[in-house]
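Chemist: My file is entry.csv. It has CSV, C-alpha atoms and all ligand atoms:
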```csv
chain,number,residue,atom,x,y,z
A,14,MET,CA,-74.0,41.8,-19.1
A,15,SER,CA,-76.8,42.1,-16.6
A,16,ASN,CA,-76.3,42.4,-12.9
A,17,VAL,CA,-79.3,40.3,-11.8
A,18,PRO,CA,-79.0,38.9,-8.3
A,19,LEU,CA,-77.3,35.5,-8.2
A,20,PRO,CA,-79.7,32.7,-7.5
A,21,PHE,CA,-79.0,30.8,-4.2
A,22,ALA,CA,-81.8,28.3,-3.6
A,23,PRO,CA,-82.3,24.6,-3.7
A,24,GLU,CA,-84.4,24.8,-6.8
A,25,SER,CA,-81.8,27.0,-8.6
A,26,PRO,CA,-79.0,24.6,-9.4
A,27,TRP,CA,-75.7,25.9,-10.9
A,28,LEU,CA,-73.4,24.5,-13.5
A,29,ALA,CA,-70.0,24.1,-12.0
A,30,PRO,CA,-66.8,25.3,-13.6
A,31,LEU,CA,-65.5,22.4,-15.7
A,32,ALA,CA,-62.2,22.9,-17.5
A,33,GLY,CA,-62.5,21.6,-21.0
A,34,TYR,CA,-66.3,21.5,-20.9
A,35,SER,CA,-68.2,24.5,-19.4
A,36,ASP,CA,-67.8,26.7,-22.5
A,37,LEU,CA,-70.5,29.0,-23.9
A,38,PRO,CA,-72.4,26.3,-25.8
A,39,PHE,CA,-72.5,23.9,-22.9
A,40,ARG,CA,-73.5,26.6,-20.4
A,41,THR,CA,-76.3,27.6,-22.8
A,42,LEU,CA,-77.5,24.0,-23.1
A,43,CYS,CA,-77.5,23.6,-19.4
A,44,ARG,CA,-79.5,26.8,-18.9
A,45,LYS,CA,-82.0,25.6,-21.4
A,46,TYR,CA,-82.5,22.6,-19.2
A,47,GLY,CA,-82.8,24.5,-15.9
A,48,ALA,CA,-79.4,25.7,-14.8
A,49,ALA,CA,-80.0,28.9,-12.9
A,50,CYS,CA,-76.4,30.1,-13.1
A,51,ALA,CA,-73.2,28.9,-14.7
A,52,GLU,CA,-69.5,29.3,-14.2
A,53,THR,CA,-66.9,29.5,-17.0
A,54,GLU,CA,-64.0,27.1,-17.2
A,55,MET,CA,-61.2,28.3,-15.0
A,56,VAL,CA,-59.2,31.1,-16.6
A,57,SER,CA,-55.6,31.9,-15.8
A,58,ALA,CA,-55.2,35.3,-14.2
A,59,LYS,CA,-51.7,35.3,-15.6
A,60,GLY,CA,-52.9,34.4,-19.0
A,61,LEU,CA,-55.3,37.4,-18.9
A,62,VAL,CA,-52.5,39.8,-18.0
A,63,PHE,CA,-49.9,38.5,-20.4
A,64,GLY,CA,-52.2,37.2,-23.1
A,65,GLY,CA,-52.3,33.7,-24.5
A,66,TYR,CA,-53.6,30.5,-22.9
A,67,GLY,CA,-56.7,30.8,-25.0
A,68,SER,CA,-58.3,33.2,-22.5
A,69,GLU,CA,-60.4,34.9,-25.1
A,70,ARG,CA,-62.2,31.7,-26.1
A,71,LEU,CA,-62.8,30.9,-22.4
A,72,LEU,CA,-64.4,34.3,-21.8
A,73,ALA,CA,-66.7,34.1,-24.8
A,74,THR,CA,-70.2,35.0,-23.6
A,75,ALA,CA,-73.6,36.1,-25.0
A,76,PRO,CA,-76.7,37.9,-23.6
A,77,ILE,CA,-78.4,34.6,-23.0
A,78,ASP,CA,-75.4,33.5,-20.9
A,79,SER,CA,-76.6,35.3,-17.7
A,80,PRO,CA,-75.9,35.3,-14.9
A,81,VAL,CA,-72.4,34.1,-15.5
A,82,VAL,CA,-69.5,33.8,-13.1
A,83,VAL,CA,-66.0,34.0,-14.4
A,84,GLN,CA,-63.7,31.6,-12.6
A,85,LEU,CA,-60.1,32.6,-12.2
A,86,PHE,CA,-57.0,30.7,-11.0
A,87,GLY,CA,-53.6,31.8,-10.1
A,88,SER,CA,-51.4,32.4,-7.1
A,89,GLU,CA,-50.1,36.0,-7.4
A,90,PRO,CA,-52.2,38.8,-5.8
A,91,GLU,CA,-50.5,41.5,-7.9
A,92,ILE,CA,-51.5,39.6,-11.1
A,93,PHE,CA,-55.1,39.4,-9.9
A,94,ALA,CA,-55.1,43.1,-9.2
A,95,ARG,CA,-54.1,43.7,-12.8
A,96,ALA,CA,-56.4,41.0,-14.3
A,97,MET,CA,-59.6,42.3,-12.7
A,98,PRO,CA,-60.1,45.8,-14.1
A,99,PRO,CA,-60.1,44.7,-17.8
A,100,LEU,CA,-62.7,42.0,-16.9
A,101,LEU,CA,-64.9,44.6,-15.2
A,102,GLU,CA,-64.5,46.9,-18.2
A,103,ARG,CA,-65.7,44.2,-20.4
A,104,GLY,CA,-68.9,43.9,-18.3
A,105,PHE,CA,-68.2,40.9,-16.2
A,106,THR,CA,-69.5,41.4,-12.7
A,107,ARG,CA,-69.2,38.1,-10.8
A,108,PHE,CA,-66.1,36.1,-10.2
A,109,ASP,CA,-65.0,32.9,-8.5
A,110,LEU,CA,-61.5,32.0,-7.2
A,111,ASN,CA,-60.5,28.4,-7.9
A,112,CYS,CA,-59.2,27.0,-4.5
A,113,GLY,CA,-60.0,23.4,-5.4
A,114,CYS,CA,-58.2,22.3,-8.5
A,115,SER,CA,-55.8,19.5,-7.7
A,116,VAL,CA,-54.2,18.9,-11.0
A,117,ARG,CA,-50.5,18.6,-10.5
A,118,LYS,CA,-49.6,21.3,-13.1
A,119,VAL,CA,-52.0,23.8,-11.4
A,120,ASN,CA,-50.8,23.0,-7.8
A,121,LYS,CA,-47.2,23.2,-8.8
A,122,SER,CA,-47.6,26.9,-9.4
A,123,GLY,CA,-49.3,27.3,-6.0
A,124,SER,CA,-52.8,27.7,-7.5
A,125,GLY,CA,-56.0,25.8,-7.0
A,126,SER,CA,-56.2,23.7,-3.9
A,127,ALA,CA,-52.6,24.5,-3.1
A,128,LEU,CA,-53.8,28.0,-2.0
A,129,LEU,CA,-55.4,26.3,1.0
A,130,ALA,CA,-51.9,25.4,2.2
A,131,ARG,CA,-51.0,29.2,2.2
A,132,PRO,CA,-54.2,30.9,3.5
A,133,GLU,CA,-52.5,34.3,3.9
A,134,LEU,CA,-51.7,34.3,0.2
A,135,LEU,CA,-55.2,33.3,-0.5
A,136,TYR,CA,-56.6,36.2,1.5
A,137,ARG,CA,-54.4,38.7,-0.4
A,138,ILE,CA,-55.8,37.4,-3.7
A,139,ALA,CA,-59.3,37.6,-2.1
A,140,ALA,CA,-58.6,41.2,-1.1
A,141,ALA,CA,-57.5,42.0,-4.7
A,142,MET,CA,-60.6,40.4,-6.2
A,143,ILE,CA,-63.2,41.8,-3.7
A,144,GLY,CA,-61.5,45.2,-3.8
A,145,ALA,CA,-62.0,45.3,-7.6
A,146,ALA,CA,-65.4,43.7,-7.9
A,147,GLY,CA,-67.0,44.8,-4.7
A,148,PRO,CA,-68.3,42.9,-1.7
A,149,GLY,CA,-70.8,40.1,-2.5
A,150,ASN,CA,-69.5,39.7,-6.1
A,151,VAL,CA,-66.8,37.1,-5.5
A,152,GLY,CA,-67.2,33.5,-4.6
A,153,PHE,CA,-64.5,31.0,-3.5
A,154,LYS,CA,-64.5,27.3,-4.5
A,155,LEU,CA,-62.9,25.4,-1.7
A,156,ARG,CA,-61.9,21.9,-0.8
A,157,LEU,CA,-61.6,20.6,2.8
A,158,GLY,CA,-57.9,21.6,2.9
A,159,PHE,CA,-54.8,20.8,0.9
A,160,THR,CA,-53.9,17.7,2.9
A,161,PRO,CA,-55.9,15.5,5.2
A,162,ASP,CA,-53.8,16.8,8.2
A,163,ASP,CA,-54.8,20.4,7.5
A,164,GLU,CA,-58.5,20.6,6.9
A,165,ASN,CA,-58.9,24.4,7.3
A,166,PHE,CA,-62.1,25.0,5.3
A,167,LEU,CA,-64.0,26.3,8.3
A,168,ASP,CA,-61.3,28.9,9.3
A,169,VAL,CA,-60.8,29.9,5.6
A,170,GLY,CA,-64.5,30.1,5.0
A,171,ARG,CA,-65.2,32.3,8.0
A,172,ARG,CA,-62.3,34.6,7.1
A,173,LEU,CA,-63.4,34.9,3.5
A,174,ALA,CA,-67.0,35.7,4.6
A,175,ASP,CA,-65.6,38.4,6.9
A,176,MET,CA,-63.7,39.9,4.0
A,177,GLY,CA,-66.8,40.3,1.9
A,178,ALA,CA,-67.1,37.0,-0.1
A,179,GLY,CA,-70.5,36.6,-1.7
A,180,TRP,CA,-70.7,32.9,-1.4
A,181,LEU,CA,-68.6,29.7,-0.9
A,182,THR,CA,-68.7,26.4,-2.7
A,183,LEU,CA,-67.3,23.4,-1.0
A,184,HIS,CA,-66.2,20.2,-2.8
A,185,PRO,CA,-65.6,18.2,0.4
A,186,ARG,CA,-62.5,16.2,-0.4
A,187,THR,CA,-58.9,17.3,0.3
A,188,GLY,CA,-56.7,18.5,-2.5
A,189,ARG,CA,-54.5,15.5,-2.2
A,190,GLN,CA,-57.5,13.2,-2.6
A,191,LEU,CA,-58.2,14.4,-6.1
A,192,PHE,CA,-61.5,12.5,-6.9
A,193,SER,CA,-60.8,9.4,-4.7
A,194,GLY,CA,-63.0,8.3,-1.9
A,195,GLN,CA,-66.4,9.9,-1.3
A,196,ALA,CA,-67.3,13.5,-0.9
A,197,ARG,CA,-68.0,14.2,2.8
A,198,TRP,CA,-71.2,16.0,2.5
A,199,ALA,CA,-71.4,16.5,6.3
A,200,ALA,CA,-68.6,19.1,6.0
A,201,ILE,CA,-70.9,21.1,3.7
A,202,GLY,CA,-73.5,21.3,6.5
A,203,GLU,CA,-70.7,22.4,8.9
A,204,LEU,CA,-69.6,25.2,6.7
A,205,ALA,CA,-73.1,26.3,6.0
A,206,ARG,CA,-73.7,26.6,9.7
A,207,ALA,CA,-70.4,28.4,10.3
A,208,VAL,CA,-70.8,31.3,7.8
A,209,PRO,CA,-73.5,34.0,7.2
A,210,ILE,CA,-73.2,33.7,3.4
A,211,PRO,CA,-74.7,31.1,1.0
A,212,VAL,CA,-72.8,27.8,0.7
A,213,LEU,CA,-73.2,25.8,-2.5
A,214,ALA,CA,-72.5,22.0,-2.5
A,215,SER,CA,-70.3,20.3,-5.0
A,216,GLY,CA,-69.2,16.7,-5.0
A,217,ASP,CA,-70.6,13.3,-6.1
A,218,LEU,CA,-73.9,14.9,-7.4
A,219,PHE,CA,-74.1,12.4,-10.2
A,220,PHE,CA,-77.9,12.2,-10.3
A,221,ALA,CA,-80.6,14.8,-9.4
A,222,GLU,CA,-81.6,12.5,-6.5
A,223,ASP,CA,-78.1,12.9,-5.1
A,224,ALA,CA,-78.5,16.6,-5.1
A,225,ALA,CA,-81.9,16.4,-3.4
A,226,ARG,CA,-80.4,14.2,-0.6
A,227,CYS,CA,-77.4,16.5,-0.2
A,228,LEU,CA,-79.6,19.6,0.2
A,229,ALA,CA,-81.8,17.8,2.8
A,230,GLU,CA,-78.8,16.4,4.7
A,231,THR,CA,-76.7,19.6,4.8
A,232,GLY,CA,-79.2,22.5,4.7
A,233,CYS,CA,-76.9,24.3,2.2
A,234,ALA,CA,-78.2,27.1,0.0
A,235,GLY,CA,-77.9,25.2,-3.3
A,236,VAL,CA,-76.0,22.8,-5.4
A,237,MET,CA,-73.6,22.9,-8.3
A,238,PHE,CA,-73.7,20.0,-10.9
A,239,ALA,CA,-70.4,19.0,-12.5
A,240,ARG,CA,-69.8,15.4,-13.7
A,241,GLY,CA,-73.6,14.8,-13.4
A,242,ALA,CA,-74.2,17.4,-16.1
A,243,LEU,CA,-71.7,15.8,-18.4
A,244,THR,CA,-73.8,12.6,-18.7
A,245,ASP,CA,-77.2,14.3,-18.3
A,246,PRO,CA,-77.5,18.0,-19.1
A,247,MET,CA,-81.2,17.7,-18.1
A,248,ILE,CA,-80.2,17.0,-14.5
A,249,PHE,CA,-81.1,20.6,-13.6
A,250,ARG,CA,-84.7,20.1,-14.7
A,251,ARG,CA,-84.8,16.8,-12.9
A,252,LEU,CA,-83.8,18.3,-9.6
A,253,ARG,CA,-86.4,21.1,-10.0
A,254,ASP,CA,-89.0,18.4,-10.7
A,255,ILE,CA,-88.0,16.4,-7.6
A,256,LEU,CA,-88.1,19.5,-5.4
A,257,ALA,CA,-91.5,20.5,-6.8
A,258,GLY,CA,-92.9,17.0,-6.1
A,259,ARG,CA,-93.3,16.2,-9.9
A,260,PRO,CA,-92.5,12.7,-11.0
A,261,THR,CA,-89.1,12.0,-12.6
A,262,ALA,CA,-87.6,9.1,-14.4
A,263,PRO,CA,-84.1,8.1,-15.4
A,264,ARG,CA,-82.7,9.7,-18.6
A,265,THR,CA,-83.8,8.1,-21.8
A,266,ALA,CA,-82.1,7.6,-25.1
A,267,ALA,CA,-84.6,10.0,-26.8
A,268,GLU,CA,-83.8,12.8,-24.3
A,269,LEU,CA,-80.1,12.3,-24.7
A,270,ALA,CA,-80.4,12.5,-28.5
A,271,GLU,CA,-82.4,15.7,-28.2
A,272,ALA,CA,-79.7,17.1,-25.8
A,273,ALA,CA,-76.9,16.1,-28.2
A,274,LEU,CA,-78.6,17.6,-31.2
A,275,THR,CA,-79.3,20.9,-29.3
A,276,HIS,CA,-75.7,20.9,-28.1
A,277,ILE,CA,-74.4,20.5,-31.7
A,278,ASP,CA,-76.6,23.3,-32.9
A,279,LEU,CA,-75.5,25.6,-30.1
A,280,CYS,CA,-71.8,24.9,-30.8
A,281,ARG,CA,-72.3,25.7,-34.4
A,282,GLU,CA,-74.3,28.9,-33.7
A,283,LEU,CA,-72.3,30.3,-30.8
A,284,ASP,CA,-68.8,29.2,-31.9
A,285,GLY,CA,-68.6,27.3,-35.2
A,286,THR,CA,-64.8,27.1,-35.3
A,287,PRO,CA,-62.9,23.9,-36.2
A,288,HIS,CA,-61.9,23.8,-32.5
A,289,ALA,CA,-65.6,23.7,-31.5
A,290,PHE,CA,-66.2,21.0,-34.1
A,291,ARG,CA,-63.4,18.8,-32.8
A,292,ALA,CA,-64.4,19.4,-29.1
A,293,ILE,CA,-68.0,18.5,-29.5
A,294,ARG,CA,-67.2,15.2,-31.3
A,295,THR,CA,-65.4,14.0,-28.2
A,296,PHE,CA,-67.9,15.4,-25.8
A,297,LEU,CA,-71.0,13.8,-27.2
A,298,PRO,CA,-70.3,10.1,-26.3
A,299,ARG,CA,-70.6,11.1,-22.6
A,300,TYR,CA,-74.3,11.4,-23.1
A,301,ALA,CA,-74.5,7.8,-24.0
A,302,LYS,CA,-72.7,6.6,-20.9
A,303,GLY,CA,-74.3,3.4,-19.6
A,304,PHE,CA,-75.8,2.6,-23.0
A,305,HIS,CA,-75.0,-0.2,-25.4
A,306,GLY,CA,-73.0,0.8,-28.4
A,307,ILE,CA,-71.1,3.8,-26.9
A,308,ARG,CA,-67.8,2.6,-28.6
A,309,ALA,CA,-69.3,2.4,-32.0
A,310,LEU,CA,-71.0,5.8,-31.4
A,311,ARG,CA,-67.6,7.4,-30.4
A,312,GLN,CA,-66.0,6.0,-33.6
A,313,SER,CA,-68.8,7.2,-35.9
A,314,LEU,CA,-68.7,10.7,-34.4
A,315,LEU,CA,-64.9,10.9,-34.8
A,316,GLU,CA,-65.3,10.0,-38.5
A,317,CYS,CA,-67.8,12.8,-39.2
A,318,PRO,CA,-66.4,15.3,-41.6
A,319,ASP,CA,-68.9,18.1,-41.1
A,320,TRP,CA,-71.7,19.5,-38.9
A,321,ARG,CA,-74.4,17.8,-41.0
A,322,ALA,CA,-72.8,14.3,-40.7
A,323,LEU,CA,-72.4,15.0,-36.9
A,324,ARG,CA,-76.1,15.7,-36.5
A,325,GLU,CA,-77.0,12.5,-38.3
A,326,ALA,CA,-74.6,10.4,-36.2
A,327,ALA,CA,-75.8,12.1,-33.0
A,328,ALA,CA,-79.5,11.4,-33.9
A,329,SER,CA,-78.6,7.7,-33.6
A,330,ILE,CA,-78.3,8.0,-29.9
A,331,ALA,CA,-82.1,7.8,-29.8
A,332,GLU,CA,-81.8,4.1,-30.8
A,333,LEU,CA,-79.4,3.1,-28.1
A,334,THR,CA,-80.6,0.9,-25.2
A,335,PRO,CA,-79.4,1.1,-21.6
A,336,ASP,CA,-76.7,-1.4,-20.6
A,337,PRO,CA,-77.7,-2.7,-17.1
A,338,GLY,CA,-74.2,-3.8,-16.5
A,339,GLN,CA,-72.8,-0.3,-16.8
A,340,PRO,CA,-73.2,2.7,-14.5
A,341,GLN,CA,-75.4,5.4,-15.9
A,342,ALA,CA,-73.2,8.2,-14.6
A,343,PHE,CA,-69.7,8.8,-13.4
A,344,ILE,CA,-68.7,7.0,-10.2
A,345,PRO,CA,-66.7,8.7,-7.4
A,346,GLY,CA,-63.1,8.1,-8.4
A,347,GLU,CA,-63.7,8.7,-12.1
A,348,THR,CA,-62.9,12.0,-13.8
A,349,ALA,CA,-64.1,12.9,-17.3
A,350,LEU,CA,-60.9,12.2,-19.2
A,351,PRO,CA,-58.2,9.6,-19.2
A,352,GLN,CA,-55.9,9.7,-16.2
A,353,GLY,CA,-52.1,10.0,-16.2
A,354,ASP,CA,-51.7,13.2,-18.1
A,355,GLU,CA,-50.8,16.1,-15.9
A,356,ASN,CA,-52.4,18.5,-18.4
A,357,THR,CA,-55.7,16.6,-18.1
A,358,PRO,CA,-58.4,19.0,-17.1
A,359,GLY,CA,-60.3,17.8,-14.0
A,360,CYS,CA,-60.1,19.7,-10.8
B,401,LIG,C1,-63.4,17.5,-16.2
B,401,LIG,C2,-63.5,18.4,-14.9
B,401,LIG,C3,-63.1,19.7,-15.0
B,401,LIG,C4,-63.1,20.5,-13.9
B,401,LIG,N1,-62.8,21.8,-13.9
B,401,LIG,C5,-62.9,22.6,-12.9
B,401,LIG,C6,-62.5,24.0,-12.9
B,401,LIG,O1,-62.1,24.5,-14.0
B,401,LIG,N2,-62.6,24.7,-11.8
B,401,LIG,C7,-63.0,24.2,-10.6
B,401,LIG,O2,-63.1,24.9,-9.6
B,401,LIG,N3,-63.4,22.9,-10.5
B,401,LIG,C8,-63.3,22.1,-11.6
B,401,LIG,N4,-63.7,20.8,-11.5
B,401,LIG,C9,-64.3,20.3,-10.3
B,401,LIG,C10,-65.9,20.4,-10.4
B,401,LIG,O3,-66.3,21.7,-10.5
B,401,LIG,C11,-66.5,19.8,-9.1
B,401,LIG,O4,-66.2,20.6,-8.0
B,401,LIG,C12,-66.1,18.4,-8.9
B,401,LIG,O5,-66.2,17.6,-10.1
B,401,LIG,C13,-67.0,17.7,-7.9
B,401,LIG,O6,-68.3,17.6,-8.3
B,401,LIG,P1,-68.9,16.2,-8.9
B,401,LIG,O7,-68.4,15.1,-8.0
B,401,LIG,O8,-70.4,16.4,-8.8
B,401,LIG,O9,-68.4,16.0,-10.3
B,401,LIG,C14,-63.6,20.0,-12.6
B,401,LIG,C15,-64.0,18.7,-12.6
B,401,LIG,C16,-64.0,17.8,-13.7
B,401,LIG,C17,-64.4,16.4,-13.6
```
Do you think you could lay out the structure here as structure tokens?
Ligand SMILES: Cc1cc2nc3c(=O)[nH]c(=O)nc-3n(C[C@H](O)[C@H](O)[C@H](O)COP(=O)(O)O)c2cc1C

Modeler:
Amino acid sequence: MSNVPLPFAPESPWLAPLAGYSDLPFRTLCRKYGAACAETEMVSAKGLVFGGYGSERLLATAPIDSPVVVQLFGSEPEIFARAMPPLLERGFTRFDLNCGCSVRKVNKSGSGSALLARPELLYRIAAAMIGAAGPGNVGFKLRLGFTPDDENFLDVGRRLADMGAGWLTLHPRTGRQLFSGQARWAAIGELARAVPIPVLASGDLFFAEDAARCLAETGCAGVMFARGALTDPMIFRRLRDILAGRPTAPRTAAELAEAALTHIDLCRELDGTPHAFRAIRTFLPRYAKGFHGIRALRQSLLECPDWRALREAAASIAELTPDPGQPQAFIPGETALPQGDENTPGC
């Protein structure tokens, strides 16, 4: 794996860590459409040390998947100290600590955004990660704080920067907020002014235009697309176009069909397992969000017995027409999967 410098610039958007989605095929697809860097799905530090939890699949990578950042979650510094050396031996060089996930199951173990409620513990994990990977090679993905009464992102951010963090990402909601309300972009600007390292923005970047506004309003180093990339993997290219003054237009059915077909081909080439086949069948309807016929499309994809049938069904996305009554992207409170299941990914 190469050790190229990480890109921190407005015109170098990243793909955010997305549990259940940012696997090798999707990262590769997003890179093809302009993502300058991509993070893995969150990987359990404990799972790495004790085996299991499907960590191997989450760590799958390829030469084209560069630069890549491995995102870890957990709450025990000693476990991180044990998890890091094998990752470095395998050639991974950049890491991120998940301090933002608000899923109950993750918070219950003290991980994700719950780490913000115990900053001293967070700093011990940071010391283990930075000690192993070296200063500059570890990022931290923060929320404002765990609860609204304890918004400590500025203190935490400053301390992590002092400890040798390479960059910070802020999703400006509290842990308790999950995805409700709106991301408070002004806090991203505050953090960017408070620390001497790059700050990446995350939160409510549903369209490329949102990211351009967020960059202008906050002065942050760059952005990370999350839900926006799930409905439009070409969002990276669109942002680059906007920033370069090139004309852009809303996503079209033809583009989405192209993205879907490329995604299928990448899944087959880079994975090809029955797991990948099942996963891509449920992923693809997101590309048709806001178009007529999404329900029928979902059904026809689910009925596909093999990769060839899947390609044929996905090609039909090109015929869909936009539904003016439906949003063309996610809206603030909406996560990517049905609510109510504490195992539902969505951080
Ligand atoms: C389905 C889903 C999975 C996510 N998985 C992760 C994850 O593994 N690690 C993480 O730090 N954040 C995760 N997030 C949070 C995103 O990276 C991002 O910070 C958040 O969605 C806000 O950005 P957005 O409003 O532009 O989507 C996830 C979000 C969603 C919707």

Chemist: Between A:Pro340, A:Gly306, A:Pro38, A:Glu102, which has the minimum distance to Asp278 of chain A (counting all atoms listed in the file)?

Modeler: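 That would be A:Pro38, the residue with the smallest distance to Asp278 of chain A.
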
Chemist: Could you give me, as a PDB file with C-alpha atoms, in the frame of the given file, every polymer residue with an atom at most 7 Å away from an atom of ligand LIG 401 (chain B), counting all atoms listed in the file?

Modeler:
```pdb
ATOM      1  CA  ALA A  29     -70.000  24.100 -12.000  1.00  0.00           C
ATOM      2  CA  PRO A  30     -66.800  25.300 -13.600  1.00  0.00           C
ATOM      3  CA  LEU A  31     -65.500  22.400 -15.700  1.00  0.00           C
ATOM      4  CA  ALA A  32     -62.200  22.900 -17.500  1.00  0.00           C
ATOM      5  CA  GLY A  33     -62.500  21.600 -21.000  1.00  0.00           C
ATOM      6  CA  TYR A  34     -66.300  21.500 -20.900  1.00  0.00           C
ATOM      7  CA  GLU A  54     -64.000  27.100 -17.200  1.00  0.00           C
ATOM      8  CA  MET A  55     -61.200  28.300 -15.000  1.00  0.00           C
ATOM      9  CA  ASN A 111     -60.500  28.400  -7.900  1.00  0.00           C
ATOM     10  CA  CYS A 112     -59.200  27.000  -4.500  1.00  0.00           C
ATOM     11  CA  GLY A 113     -60.000  23.400  -5.400  1.00  0.00           C
ATOM     12  CA  CYS A 114     -58.200  22.300  -8.500  1.00  0.00           C
ATOM     13  CA  LYS A 154     -64.500  27.300  -4.500  1.00  0.00           C
ATOM     14  CA  HIS A 184     -66.200  20.200  -2.800  1.00  0.00           C
ATOM     15  CA  SER A 215     -70.300  20.300  -5.000  1.00  0.00           C
ATOM     16  CA  GLY A 216     -69.200  16.700  -5.000  1.00  0.00           C
ATOM     17  CA  ASP A 217     -70.600  13.300  -6.100  1.00  0.00           C
ATOM     18  CA  LEU A 218     -73.900  14.900  -7.400  1.00  0.00           C
ATOM     19  CA  PHE A 219     -74.100  12.400 -10.200  1.00  0.00           C
ATOM     20  CA  PHE A 238     -73.700  20.000 -10.900  1.00  0.00           C
ATOM     21  CA  ALA A 239     -70.400  19.000 -12.500  1.00  0.00           C
ATOM     22  CA  ARG A 240     -69.800  15.400 -13.700  1.00  0.00           C
ATOM     23  CA  GLY A 241     -73.600  14.800 -13.400  1.00  0.00           C
ATOM     24  CA  PRO A 345     -66.700   8.700  -7.400  1.00  0.00           C
ATOM     25  CA  THR A 348     -62.900  12.000 -13.800  1.00  0.00           C
ATOM     26  CA  ALA A 349     -64.100  12.900 -17.300  1.00  0.00           C
ATOM     27  CA  LEU A 350     -60.900  12.200 -19.200  1.00  0.00           C
ATOM     28  CA  PRO A 358     -58.400  19.000 -17.100  1.00  0.00           C
ATOM     29  CA  GLY A 359     -60.300  17.800 -14.000  1.00  0.00           C
ATOM     30  CA  CYS A 360     -60.100  19.700 -10.800  1.00  0.00           C
TER      31      CYS A 360
END
```

Chemist: Determine the nearest neighbour of Ala199 of chain A from the options A:Gly232, A:Pro90, A:Gly152, A:Gly179, counting only C-alpha atoms.

Modeler: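 Looking at the shortest contact to Ala199 of chain A, the residue is A:Gly232.
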
Chemist: Using all atoms listed in the file for the distances, tell me which of A:Ser25, A:Thr160, A:Thr187, A:Asn150 is nearest to Ala174 of chain A.

Modeler: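 Closest candidate: A:Asn150.
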
Chemist: In Å, rounded to a single decimal, give me how far atom CA of Arg44 of chain A is from atom CA of Gly188 of chain A.

Modeler: 29.3 Å

Chemist: Could you tell me which of A:Ile138, A:Leu72, A:Ala326, A:Leu128 comes closest to Glu89 of chain A if we count all atoms listed in the file?

Modeler: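 For Glu89 of chain A, the nearest of the candidates is A:Ile138.
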
Chemist: Just give me the gap between atom CA of Ser124 of chain A and atom CA of Val62 of chain A in Å, one decimal is fine.

Modeler: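 Those two atoms sit 16.0 Å apart.
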
Chemist: With a cut-off of 7 Å, could you pull out the residues of segment 30-108 of chain A touching segment 248-261 of chain A and give me the nearest pair of atoms for each, distance in Å to one decimal, using only C-alpha atoms, ordered by chain and ascending number, as JSON lines?

Modeler:
```
{"residue": "A:Tyr46", "atom": "CA", "partner": "A:Arg250", "partner_atom": "CA", "distance": 5.6}
{"residue": "A:Gly47", "atom": "CA", "partner": "A:Phe249", "partner_atom": "CA", "distance": 4.8}
{"residue": "A:Ala48", "atom": "CA", "partner": "A:Phe249", "partner_atom": "CA", "distance": 5.5}
```

Chemist: Counting only C-alpha atoms, I want the residues whose atoms come within 10 Å of (-64.6, 15.1, -35.3) in the file frame, returned as a list in words.

Modeler: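 Here is the list of nearby residues: Pro287, His288, Ala289, Phe290, Arg291, Ala292, Ile293, Arg294, Thr295, Arg311, Gln312, Ser313, Leu314, Leu315, Glu316, Cys317, Pro318, Asp319, Trp320, Ala322 and Leu323 of chain A.
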